[in-house]
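Asker: Got a structure for you, questions after.
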Amino acid sequence: MQDYKKQFKGKKITVMGLGLLGGAVNDIIFLAKNRADLTVTDLKNAKELKSSIKKLKKYLKIKFVLGKHRMEDFKKADLILQPGNVSIDSPYLAEAGKNKIPIYVSESLFAKYASEVMMIGVTGTRGKSMVTALIYEILSKNLKKKKIYFGGNVRNVSTLALLGKVKSGDVVVMELDSWALHGMGNIKKSPYISIFTSFMPDHMNYYKNSMENYFNDKANIFKYQKKDDILIIRPDMKKFIKSKNVKGKLIIVNAKNVDKYNFFVPGKFQKENLACAVEVAKQFKIPDSKITQALKNFKGLEGRLQYIKTVKGVKIYNDNNATTPEATIAGIEALKNNKRNIILICGGADKKLPLDDFVKVVNKYCKAVIMIPGTGTDILSSRKLKVESYKVENLNKAVEKAKKLAKTEDIILFSPAFASFGQFNNEYERNDLFLKIIKKLK
């Protein structure tokens with residue numbers, strides 16, 4: 001392991017984005033403990049960032065520039081640490097580049113100094129969280145001689161801070177979104193084992209409607225692999241990834257191979273996700289009996305087609321992390337039956353994604369649609385919905401309306417299909433509110 005402490009001590013580091021999710025806060029705490037000279041800047045003001053600032057109050061030497069960015073903080077720094085979703089044409093990052101200041105995300109800065117750690121990376125427009133969780137579940141229960149860590153796009157986790165924990169030979173299972181992978185591309189590094197689950201339109205507001213640019217960032221998960229490395233993909237990815245472009249071993253999973261496992265998360269695509277995780281387990285020679293045992297208590301992930309409870313014969317599912325129309329389509333198709341009994345709660349901020357297929361699926365399988373406010377909702381409500389549809393003021397009202405409409409054997413599915421911004425600071429805040437509302441239902 002490289003001595004990262006010398007690399008951070010006394011270095012001028014501008015952290016671009018404090019946020020409210022906890023990852024950046026923990027990055028900053030790690031850097032502060034390693035005696036970096038920190039400037040933290042965010043477009044949100046101190047009031048909006050109160051909860052994050054509170055966690056940093058004991059680190060008195062941190063300089064905060066809030067409610068704005070200053071060009072000077074991007075001219076003389078030794079490095080920039082940025083959150084993933086800073087605009088690709090940010091003048092501040094352009095200024096840093098002009099001054100030859102290296103720009104990292106948490107994952108790429110970790111990867112730079114953790115060369116002796118085995119990295120397993122998972123990406124995909126949908127499915128990456130599930131696969132990451134399944135891999136961690138199986139490996140952590142079976143690789144007793146190695147320590148297994150979670151990293152990447154995980155709530156409250158600083159991947160960078162894992163530098164203070166990992167040792168040579170440890171395994172880090174990382175969920176890598178396109179922004180993290182853009183950062184990995186900057187350092188020309190891909191994980192030893194990479195999993196690419198799916199590719200479909202998302203973040204087009206960020207990528208300015210370029211699927212090519214979006215894929216180019218995602219492809220960094222395998223672009224810099226070596227001949228002994230491994231890439232695992234779901235079958236639909238064959239049209240995007242050709243074997244001639246893969247330097248390591250390419251494995252295409254088959255959902256039929258996992259029929260023998262008891263897996264309680266609905267949907268064919270979830271079976272393929274499980275197949276990806278099982279292929280990783282096979283690389284470590286974990287036998288089927290041990291995989292079965294590890295999956296025994298796995299009930300799925302919060303916010304990913306998560307069954308919450310049944311109230312008066314009505315099943316309630318939380319699919320909060322379905323932030324695209326295609327993700328919500330997948331959730332509806334996993335729960336559909338010939339009764340057309342799904343009451344869908346959706347809506348939120350527009351991501352400039354097509355809605356035609358979404359509208360067809362809703363019309364075919366849903367009993368009613370209840371929409372919470374947002375720019376995406378405004379567009380959806382202007383489309384030809386052939387089922388009962390309602391626009392409501394907030395998530396509380398949406399659940400209230402769904403409960404009134406629902407009869408025994410109906411399903412209430414909260415699957416937004418749009419981003420959370422507008423009514424919420426982030427998707428986690430939306431998720432927590434939904435769970436809180438449902439907890440009170442009797």
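In the structure tokens, chains take letters A, B, ... by order of appearance, with residues numbered from 1 within each chain and ligands from 1 in the order shown.
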Out of segment 84-254 of chain A, which residues get strand (DSSP E or B) from DSSP, as a ChimeraX atom specification?

Answerer: /A:103-104,118-123,148-152,171-175,193-196,230-233,249-252

Asker: If DSSP is run on the backbone, what residues of segment 39-73 of chain A are helix (DSSP H, G or I)? A reply as a list in words would be ideal.

Answerer: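 Selecting the helix (DSSP H, G or I) positions of segment 39-73 of chain A gives Lys50, Ser51, Ser52, Ile53, Lys54, Met71, Glu72 and Asp73 of chain A.
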
Asker: Give me the residues within 8 Å of segment 345-349 of chain A as a ChimeraX atom specification, counting only C-alpha atoms and dropping any in the same chain fewer than 6 places off.

Answerer: /A:369-377,398-399,402,412-423

Asker: Any idea what the distance is between atom CA of Gly300 of chain A and atom CA of Gly151 of chain A?

Answerer: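 Spanning atom CA of Gly300 of chain A to atom CA of Gly151 of chain A is a straight-line distance of 18.4 Å.
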
Asker: Using only C-alpha atoms, which protein or nucleic acid residues come within 10 Å of segment 145-149 of chain A? Drop anything in the same chain fewer than 2 positions from it, and give the result as a short mmCIF file (atom, residue, chain, number, x, y, z; two decimals) with N, CA and C atoms, in the first residue's frame.

Answerer:
```cif
data_model
loop_
_atom_site.label_atom_id
_atom_site.label_comp_id
_atom_site.auth_asym_id
_atom_site.auth_seq_id
_atom_site.Cartn_x
_atom_site.Cartn_y
_atom_site.Cartn_z
N MET A 118 -7.88 -5.61 -3.96
CA MET A 118 -8.65 -6.14 -5.08
C MET A 118 -9.96 -5.37 -5.21
N MET A 119 -10.14 -4.69 -6.33
CA MET A 119 -11.37 -3.93 -6.55
C MET A 119 -12.34 -4.70 -7.42
N ILE A 135 -23.06 -9.32 -4.06
CA ILE A 135 -21.65 -9.72 -4.03
C ILE A 135 -21.09 -9.57 -2.61
N TYR A 136 -21.38 -8.42 -1.99
CA TYR A 136 -20.89 -8.19 -0.63
C TYR A 136 -21.44 -9.25 0.32
N GLU A 137 -22.72 -9.56 0.19
CA GLU A 137 -23.37 -10.55 1.07
C GLU A 137 -22.69 -11.91 0.95
N LEU A 139 -19.62 -12.71 -0.50
CA LEU A 139 -18.18 -12.73 -0.19
C LEU A 139 -17.91 -12.55 1.30
N SER A 140 -18.63 -11.62 1.93
CA SER A 140 -18.36 -11.33 3.35
C SER A 140 -18.68 -12.53 4.24
N LYS A 141 -19.59 -13.38 3.78
CA LYS A 141 -19.96 -14.56 4.58
C LYS A 141 -19.06 -15.77 4.29
N ASN A 142 -18.24 -15.66 3.26
CA ASN A 142 -17.47 -16.84 2.84
C ASN A 142 -15.96 -16.65 2.77
N LEU A 143 -15.49 -15.44 2.56
CA LEU A 143 -14.04 -15.22 2.47
C LEU A 143 -13.49 -14.81 3.84
N GLY A 151 -17.88 0.07 -1.03
CA GLY A 151 -17.40 1.39 -1.45
C GLY A 151 -18.26 1.94 -2.57
N THR A 159 -15.54 6.43 0.14
CA THR A 159 -14.61 5.44 -0.41
C THR A 159 -13.18 5.86 -0.09
N LEU A 162 -11.67 4.73 3.15
CA LEU A 162 -11.28 3.32 3.28
C LEU A 162 -9.76 3.14 3.23
N LYS A 165 -8.33 2.00 6.33
CA LYS A 165 -8.75 0.69 6.85
C LYS A 165 -8.17 -0.48 6.07
N VAL A 166 -8.11 -0.36 4.75
CA VAL A 166 -7.76 -1.51 3.93
C VAL A 166 -6.29 -1.89 4.04
N LYS A 167 -6.04 -3.17 3.83
CA LYS A 167 -4.68 -3.70 3.79
C LYS A 167 -4.50 -4.47 2.49
N SER A 168 -3.27 -4.75 2.14
CA SER A 168 -2.97 -5.49 0.92
C SER A 168 -3.74 -6.82 0.90
N GLY A 169 -4.41 -7.10 -0.22
CA GLY A 169 -5.17 -8.35 -0.35
C GLY A 169 -6.63 -8.24 0.04
N ASP A 170 -7.01 -7.14 0.69
CA ASP A 170 -8.43 -6.95 1.02
C ASP A 170 -9.24 -6.75 -0.26
N VAL A 171 -10.56 -6.90 -0.15
CA VAL A 171 -11.46 -6.77 -1.30
C VAL A 171 -12.41 -5.60 -1.05
N VAL A 172 -12.53 -4.71 -2.03
CA VAL A 172 -13.50 -3.61 -1.95
C VAL A 172 -14.51 -3.77 -3.09
N VAL A 173 -15.77 -3.94 -2.72
CA VAL A 173 -16.86 -4.07 -3.70
C VAL A 173 -17.46 -2.68 -3.87
N MET A 174 -17.36 -2.13 -5.07
CA MET A 174 -17.73 -0.73 -5.29
C MET A 174 -18.87 -0.58 -6.28
#
```

Asker: Counting only C-alpha atoms, what is within 10 Å of segment 321-335 of chain A, bar same-chain residues fewer than 6 positions away, as a PyMOL selection string?

Answerer: chain A and resi 125-127+129+200-203+265-270+302-305+341-344+346-362+365-366+411+413-420+427-428+430-431

Asker: Next, the residues of the selection above should be written as a compact mmCIF listing (two decimals), in the first residue's frame with N, CA and C atoms.

Answerer:
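After the write, out-v1.txt holds the following:
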```
# COMPACT_ATOMS: atom_id res chain seq x y z
N THR A 125 -27.08 1.18 -15.67
CA THR A 125 -28.13 2.18 -15.45
C THR A 125 -29.08 1.68 -14.37
N ARG A 126 -29.40 0.38 -14.42
CA ARG A 126 -30.20 -0.24 -13.36
C ARG A 126 -29.50 -1.52 -12.93
N GLY A 127 -29.64 -1.86 -11.66
CA GLY A 127 -29.15 -3.14 -11.17
C GLY A 127 -27.85 -3.09 -10.39
N SER A 129 -26.86 -1.43 -7.69
CA SER A 129 -26.97 -1.50 -6.23
C SER A 129 -27.26 -2.92 -5.77
N MET A 200 -29.19 2.04 -20.49
CA MET A 200 -30.41 2.63 -21.05
C MET A 200 -30.38 4.13 -20.77
N PRO A 201 -31.25 4.90 -21.39
CA PRO A 201 -31.18 6.37 -21.21
C PRO A 201 -31.33 6.79 -19.75
N ASP A 202 -30.44 7.65 -19.31
CA ASP A 202 -30.51 8.26 -17.98
C ASP A 202 -29.56 9.46 -17.97
N HIS A 203 -29.80 10.37 -17.07
CA HIS A 203 -28.93 11.55 -16.89
C HIS A 203 -28.73 12.33 -18.19
N VAL A 265 -36.51 -11.73 -4.54
CA VAL A 265 -36.75 -10.43 -5.18
C VAL A 265 -37.37 -10.67 -6.56
N PRO A 266 -38.56 -10.08 -6.85
CA PRO A 266 -39.25 -10.39 -8.11
C PRO A 266 -38.59 -9.78 -9.33
N GLY A 267 -38.84 -10.40 -10.49
CA GLY A 267 -38.39 -9.85 -11.77
C GLY A 267 -37.25 -10.64 -12.40
N LYS A 268 -37.35 -10.87 -13.74
CA LYS A 268 -36.31 -11.61 -14.47
C LYS A 268 -34.98 -10.87 -14.38
N PHE A 269 -35.05 -9.55 -14.45
CA PHE A 269 -33.81 -8.77 -14.42
C PHE A 269 -33.09 -8.95 -13.09
N GLN A 270 -33.85 -9.20 -12.01
CA GLN A 270 -33.20 -9.44 -10.72
C GLN A 270 -32.52 -10.80 -10.69
N GLU A 302 -33.41 -1.75 0.22
CA GLU A 302 -34.32 -0.63 0.45
C GLU A 302 -34.41 0.22 -0.80
N GLY A 303 -35.66 0.48 -1.21
CA GLY A 303 -35.87 1.38 -2.35
C GLY A 303 -35.73 0.73 -3.71
N ARG A 304 -35.46 -0.59 -3.74
CA ARG A 304 -35.36 -1.29 -5.01
C ARG A 304 -36.40 -2.40 -5.06
N LEU A 305 -37.60 -2.05 -5.48
CA LEU A 305 -38.73 -2.98 -5.53
C LEU A 305 -38.85 -3.74 -4.20
N ASN A 341 -54.07 -4.52 -11.35
CA ASN A 341 -54.37 -4.06 -9.99
C ASN A 341 -53.25 -3.21 -9.36
N ILE A 342 -52.40 -2.61 -10.19
CA ILE A 342 -51.30 -1.79 -9.66
C ILE A 342 -51.72 -0.33 -9.59
N ILE A 343 -51.62 0.25 -8.40
CA ILE A 343 -51.82 1.69 -8.23
C ILE A 343 -50.42 2.30 -8.12
N LEU A 344 -50.06 3.06 -9.14
CA LEU A 344 -48.70 3.59 -9.24
C LEU A 344 -48.62 5.00 -8.68
N CYS A 346 -46.04 8.01 -8.75
CA CYS A 346 -44.82 8.39 -9.49
C CYS A 346 -44.73 9.92 -9.57
N GLY A 347 -43.73 10.38 -10.30
CA GLY A 347 -43.58 11.82 -10.52
C GLY A 347 -42.31 12.38 -9.92
N GLY A 348 -41.95 13.58 -10.40
CA GLY A 348 -40.74 14.24 -9.92
C GLY A 348 -40.13 15.09 -11.01
N ALA A 349 -38.82 15.28 -10.94
CA ALA A 349 -38.11 16.19 -11.85
C ALA A 349 -37.73 15.50 -13.16
N ASP A 350 -37.91 16.21 -14.25
CA ASP A 350 -37.63 15.69 -15.59
C ASP A 350 -36.13 15.48 -15.80
N LYS A 351 -35.78 14.36 -16.46
CA LYS A 351 -34.37 14.08 -16.81
C LYS A 351 -34.20 14.02 -18.32
N LYS A 352 -35.20 14.52 -19.04
CA LYS A 352 -35.17 14.55 -20.51
C LYS A 352 -35.07 13.14 -21.10
N LEU A 353 -35.92 12.24 -20.60
CA LEU A 353 -35.94 10.87 -21.07
C LEU A 353 -37.28 10.57 -21.75
N PRO A 354 -37.28 9.68 -22.75
CA PRO A 354 -38.52 9.38 -23.48
C PRO A 354 -39.57 8.72 -22.59
N LEU A 355 -40.86 9.03 -22.87
CA LEU A 355 -41.96 8.53 -22.03
C LEU A 355 -42.93 7.61 -22.77
N ASP A 356 -42.75 7.42 -24.08
CA ASP A 356 -43.74 6.67 -24.86
C ASP A 356 -43.96 5.26 -24.32
N ASP A 357 -42.89 4.50 -24.11
CA ASP A 357 -43.03 3.12 -23.61
C ASP A 357 -43.60 3.10 -22.20
N PHE A 358 -43.22 4.07 -21.40
CA PHE A 358 -43.71 4.17 -20.03
C PHE A 358 -45.23 4.32 -20.03
N VAL A 359 -45.73 5.22 -20.85
CA VAL A 359 -47.18 5.46 -20.94
C VAL A 359 -47.91 4.19 -21.38
N LYS A 360 -47.35 3.46 -22.36
CA LYS A 360 -47.97 2.21 -22.84
C LYS A 360 -48.07 1.18 -21.72
N VAL A 361 -47.00 1.02 -20.96
CA VAL A 361 -46.97 0.03 -19.88
C VAL A 361 -47.94 0.42 -18.77
N VAL A 362 -47.97 1.69 -18.42
CA VAL A 362 -48.91 2.17 -17.39
C VAL A 362 -50.35 1.91 -17.83
N TYR A 365 -51.05 -2.02 -17.57
CA TYR A 365 -51.00 -2.81 -16.33
C TYR A 365 -51.49 -2.08 -15.07
N CYS A 366 -51.66 -0.77 -15.14
CA CYS A 366 -52.01 -0.03 -13.92
C CYS A 366 -53.51 0.25 -13.82
N ILE A 411 -52.13 -3.67 -5.50
CA ILE A 411 -50.73 -3.36 -5.17
C ILE A 411 -50.53 -1.86 -5.24
N LEU A 413 -47.62 0.65 -5.66
CA LEU A 413 -46.21 0.68 -6.06
C LEU A 413 -45.72 2.12 -6.12
N PHE A 414 -44.79 2.46 -5.24
CA PHE A 414 -44.15 3.78 -5.31
C PHE A 414 -42.88 3.62 -6.15
N SER A 415 -42.95 4.11 -7.38
CA SER A 415 -41.84 3.98 -8.32
C SER A 415 -41.79 5.25 -9.15
N PRO A 416 -41.01 6.25 -8.75
CA PRO A 416 -41.15 7.62 -9.25
C PRO A 416 -40.98 7.84 -10.75
N ALA A 417 -40.02 7.13 -11.38
CA ALA A 417 -39.72 7.30 -12.81
C ALA A 417 -39.02 8.61 -13.13
N PHE A 418 -38.88 9.47 -12.14
CA PHE A 418 -38.24 10.78 -12.32
C PHE A 418 -37.30 11.06 -11.14
N ALA A 419 -36.49 12.10 -11.28
CA ALA A 419 -35.56 12.48 -10.21
C ALA A 419 -36.31 13.11 -9.04
N SER A 420 -35.63 13.20 -7.91
CA SER A 420 -36.27 13.68 -6.68
C SER A 420 -36.24 15.20 -6.52
N GLU A 427 -32.78 11.68 -3.46
CA GLU A 427 -33.69 10.52 -3.48
C GLU A 427 -33.78 9.83 -2.12
N TYR A 428 -32.73 9.95 -1.31
CA TYR A 428 -32.76 9.31 0.01
C TYR A 428 -33.79 9.98 0.93
N ARG A 430 -36.49 11.42 -0.09
CA ARG A 430 -37.79 10.95 -0.60
C ARG A 430 -38.08 9.54 -0.10
N ASN A 431 -37.08 8.68 -0.15
CA ASN A 431 -37.22 7.29 0.32
C ASN A 431 -37.61 7.25 1.80
```

Asker: Measure the distance from atom CA of Gly164 of chain A to atom CA of Lys58 of chain A in Å and round it to one decimal.

Answerer: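 About the pair atom CA of Gly164 of chain A and atom CA of Lys58 of chain A: they are 19.7 Å apart.
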
Asker: Using only C-alpha atoms, determine which residues lie at most 10 Å from segment 65-79 of chain A, disregarding the query and same-chain residues fewer than 4 positions distant; provide the list as a PDB file with N, CA and C atoms, in the first residue's frame.

Answerer:
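File written: around_30.pdb
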```pdb
ATOM      1  N   PHE A   8      -1.257  13.802   1.479  1.00  0.00           N
ATOM      2  CA  PHE A   8      -2.309  14.737   1.878  1.00  0.00           C
ATOM      3  C   PHE A   8      -1.829  15.792   2.880  1.00  0.00           C
ATOM      4  N   GLY A  10      -0.568  18.812   4.566  1.00  0.00           N
ATOM      5  CA  GLY A  10      -0.178  20.151   4.141  1.00  0.00           C
ATOM      6  C   GLY A  10      -0.585  20.528   2.731  1.00  0.00           C
ATOM      7  N   LYS A  11      -1.223  19.593   1.992  1.00  0.00           N
ATOM      8  CA  LYS A  11      -1.611  19.892   0.607  1.00  0.00           C
ATOM      9  C   LYS A  11      -2.873  20.757   0.569  1.00  0.00           C
ATOM     10  N   LYS A  12      -2.880  21.707  -0.348  1.00  0.00           N
ATOM     11  CA  LYS A  12      -4.061  22.558  -0.541  1.00  0.00           C
ATOM     12  C   LYS A  12      -5.077  21.791  -1.390  1.00  0.00           C
ATOM     13  N   ILE A  13      -6.183  21.442  -0.769  1.00  0.00           N
ATOM     14  CA  ILE A  13      -7.213  20.656  -1.456  1.00  0.00           C
ATOM     15  C   ILE A  13      -8.530  21.422  -1.447  1.00  0.00           C
ATOM     16  N   THR A  14      -9.069  21.647  -2.630  1.00  0.00           N
ATOM     17  CA  THR A  14     -10.401  22.246  -2.742  1.00  0.00           C
ATOM     18  C   THR A  14     -11.417  21.117  -2.923  1.00  0.00           C
ATOM     19  N   VAL A  15     -12.359  21.035  -1.990  1.00  0.00           N
ATOM     20  CA  VAL A  15     -13.439  20.054  -2.095  1.00  0.00           C
ATOM     21  C   VAL A  15     -14.650  20.770  -2.674  1.00  0.00           C
ATOM     22  N   MET A  16     -15.039  20.383  -3.882  1.00  0.00           N
ATOM     23  CA  MET A  16     -16.111  21.075  -4.596  1.00  0.00           C
ATOM     24  C   MET A  16     -17.426  20.337  -4.356  1.00  0.00           C
ATOM     25  N   GLY A  17     -18.131  20.722  -3.306  1.00  0.00           N
ATOM     26  CA  GLY A  17     -19.410  20.090  -3.008  1.00  0.00           C
ATOM     27  C   GLY A  17     -19.396  19.401  -1.658  1.00  0.00           C
ATOM     28  N   LEU A  18     -20.142  19.970  -0.721  1.00  0.00           N
ATOM     29  CA  LEU A  18     -20.273  19.371   0.614  1.00  0.00           C
ATOM     30  C   LEU A  18     -21.484  18.449   0.654  1.00  0.00           C
ATOM     31  N   ASP A  37      -4.798  20.945   3.960  1.00  0.00           N
ATOM     32  CA  ASP A  37      -5.235  22.344   4.034  1.00  0.00           C
ATOM     33  C   ASP A  37      -6.495  22.453   3.163  1.00  0.00           C
ATOM     34  N   LEU A  38      -7.670  22.445   3.812  1.00  0.00           N
ATOM     35  CA  LEU A  38      -8.927  22.246   3.096  1.00  0.00           C
ATOM     36  C   LEU A  38      -9.741  23.519   2.873  1.00  0.00           C
ATOM     37  N   THR A  39     -10.217  23.670   1.649  1.00  0.00           N
ATOM     38  CA  THR A  39     -11.252  24.655   1.331  1.00  0.00           C
ATOM     39  C   THR A  39     -12.454  23.896   0.808  1.00  0.00           C
ATOM     40  N   VAL A  40     -13.582  24.058   1.478  1.00  0.00           N
ATOM     41  CA  VAL A  40     -14.813  23.360   1.086  1.00  0.00           C
ATOM     42  C   VAL A  40     -15.779  24.377   0.503  1.00  0.00           C
ATOM     43  N   THR A  41     -16.197  24.143  -0.736  1.00  0.00           N
ATOM     44  CA  THR A  41     -17.060  25.113  -1.407  1.00  0.00           C
ATOM     45  C   THR A  41     -18.316  24.428  -1.955  1.00  0.00           C
ATOM     46  N   ASP A  42     -19.450  25.131  -1.864  1.00  0.00           N
ATOM     47  CA  ASP A  42     -20.727  24.555  -2.308  1.00  0.00           C
ATOM     48  C   ASP A  42     -21.661  25.687  -2.708  1.00  0.00           C
ATOM     49  N   LEU A  43     -22.481  25.449  -3.720  1.00  0.00           N
ATOM     50  CA  LEU A  43     -23.441  26.470  -4.151  1.00  0.00           C
ATOM     51  C   LEU A  43     -24.585  26.645  -3.158  1.00  0.00           C
ATOM     52  N   LYS A  44     -24.828  25.611  -2.343  1.00  0.00           N
ATOM     53  CA  LYS A  44     -25.823  25.755  -1.277  1.00  0.00           C
ATOM     54  C   LYS A  44     -25.237  26.630  -0.175  1.00  0.00           C
ATOM     55  N   ASN A  45     -26.115  27.317   0.567  1.00  0.00           N
ATOM     56  CA  ASN A  45     -25.629  28.183   1.635  1.00  0.00           C
ATOM     57  C   ASN A  45     -25.530  27.430   2.963  1.00  0.00           C
ATOM     58  N   ALA A  46     -25.017  28.126   3.976  1.00  0.00           N
ATOM     59  CA  ALA A  46     -24.767  27.498   5.279  1.00  0.00           C
ATOM     60  C   ALA A  46     -26.051  26.956   5.912  1.00  0.00           C
ATOM     61  N   LYS A  47     -27.154  27.667   5.710  1.00  0.00           N
ATOM     62  CA  LYS A  47     -28.422  27.220   6.286  1.00  0.00           C
ATOM     63  C   LYS A  47     -28.853  25.896   5.656  1.00  0.00           C
ATOM     64  N   GLU A  48     -28.745  25.812   4.343  1.00  0.00           N
ATOM     65  CA  GLU A  48     -29.138  24.592   3.628  1.00  0.00           C
ATOM     66  C   GLU A  48     -28.236  23.411   3.994  1.00  0.00           C
ATOM     67  N   LEU A  49     -26.984  23.707   4.317  1.00  0.00           N
ATOM     68  CA  LEU A  49     -25.996  22.655   4.600  1.00  0.00           C
ATOM     69  C   LEU A  49     -25.747  22.461   6.088  1.00  0.00           C
ATOM     70  N   PRO A  91     -16.945  26.024 -15.471  1.00  0.00           N
ATOM     71  CA  PRO A  91     -15.789  26.907 -15.689  1.00  0.00           C
ATOM     72  C   PRO A  91     -14.735  26.751 -14.589  1.00  0.00           C
ATOM     73  N   TYR A  92     -15.175  26.287 -13.412  1.00  0.00           N
ATOM     74  CA  TYR A  92     -14.233  26.123 -12.294  1.00  0.00           C
ATOM     75  C   TYR A  92     -13.320  24.926 -12.521  1.00  0.00           C
ATOM     76  N   LEU A  93     -13.899  23.816 -12.990  1.00  0.00           N
ATOM     77  CA  LEU A  93     -13.072  22.651 -13.313  1.00  0.00           C
ATOM     78  C   LEU A  93     -12.193  22.944 -14.533  1.00  0.00           C
ATOM     79  N   ALA A  94     -12.731  23.736 -15.459  1.00  0.00           N
ATOM     80  CA  ALA A  94     -11.931  24.121 -16.633  1.00  0.00           C
ATOM     81  C   ALA A  94     -10.719  24.939 -16.191  1.00  0.00           C
ATOM     82  N   GLU A  95     -10.934  25.807 -15.201  1.00  0.00           N
ATOM     83  CA  GLU A  95      -9.829  26.623 -14.671  1.00  0.00           C
ATOM     84  C   GLU A  95      -8.780  25.738 -14.006  1.00  0.00           C
ATOM     85  N   ALA A  96      -9.236  24.751 -13.242  1.00  0.00           N
ATOM     86  CA  ALA A  96      -8.301  23.810 -12.603  1.00  0.00           C
ATOM     87  C   ALA A  96      -7.499  23.062 -13.665  1.00  0.00           C
ATOM     88  N   GLY A  97      -8.186  22.612 -14.719  1.00  0.00           N
ATOM     89  CA  GLY A  97      -7.494  21.915 -15.804  1.00  0.00           C
ATOM     90  C   GLY A  97      -6.475  22.795 -16.490  1.00  0.00           C
ATOM     91  N   LYS A  98      -6.832  24.051 -16.699  1.00  0.00           N
ATOM     92  CA  LYS A  98      -5.926  25.008 -17.342  1.00  0.00           C
ATOM     93  C   LYS A  98      -4.647  25.198 -16.532  1.00  0.00           C
ATOM     94  N   ASN A  99      -4.812  25.094 -15.201  1.00  0.00           N
ATOM     95  CA  ASN A  99      -3.663  25.252 -14.306  1.00  0.00           C
ATOM     96  C   ASN A  99      -2.995  23.914 -13.942  1.00  0.00           C
ATOM     97  N   LYS A 100      -3.384  22.869 -14.694  1.00  0.00           N
ATOM     98  CA  LYS A 100      -2.801  21.527 -14.522  1.00  0.00           C
ATOM     99  C   LYS A 100      -2.958  20.990 -13.092  1.00  0.00           C
ATOM    100  N   ILE A 101      -4.092  21.333 -12.485  1.00  0.00           N
ATOM    101  CA  ILE A 101      -4.401  20.820 -11.140  1.00  0.00           C
ATOM    102  C   ILE A 101      -5.196  19.528 -11.314  1.00  0.00           C
ATOM    103  N   PRO A 102      -4.733  18.412 -10.756  1.00  0.00           N
ATOM    104  CA  PRO A 102      -5.465  17.147 -10.918  1.00  0.00           C
ATOM    105  C   PRO A 102      -6.833  17.180 -10.250  1.00  0.00           C
ATOM    106  N   ILE A 103      -7.821  16.556 -10.909  1.00  0.00           N
ATOM    107  CA  ILE A 103      -9.202  16.507 -10.414  1.00  0.00           C
ATOM    108  C   ILE A 103      -9.572  15.049 -10.148  1.00  0.00           C
ATOM    109  N   TYR A 104     -10.051  14.786  -8.942  1.00  0.00           N
ATOM    110  CA  TYR A 104     -10.420  13.427  -8.553  1.00  0.00           C
ATOM    111  C   TYR A 104     -11.850  13.392  -8.017  1.00  0.00           C
TER     112      TYR A 104
END
```

Asker: Just how far from atom CA of Ile379 of chain A is atom CA of Asp410 of chain A, in Å to one decimal?

Answerer: 26.9 Å

Asker: Would you pick out the contacts of Phe215 of chain A at 12 Å or less, using only C-alpha atoms, so that residues sharing its chain but fewer than 2 positions from it are not included, and give the list as number ranges by chain?

Answerer: A: 123-125, 177-179, 181-182, 196, 198-204, 207, 209-213, 217-223, 237, 240-241
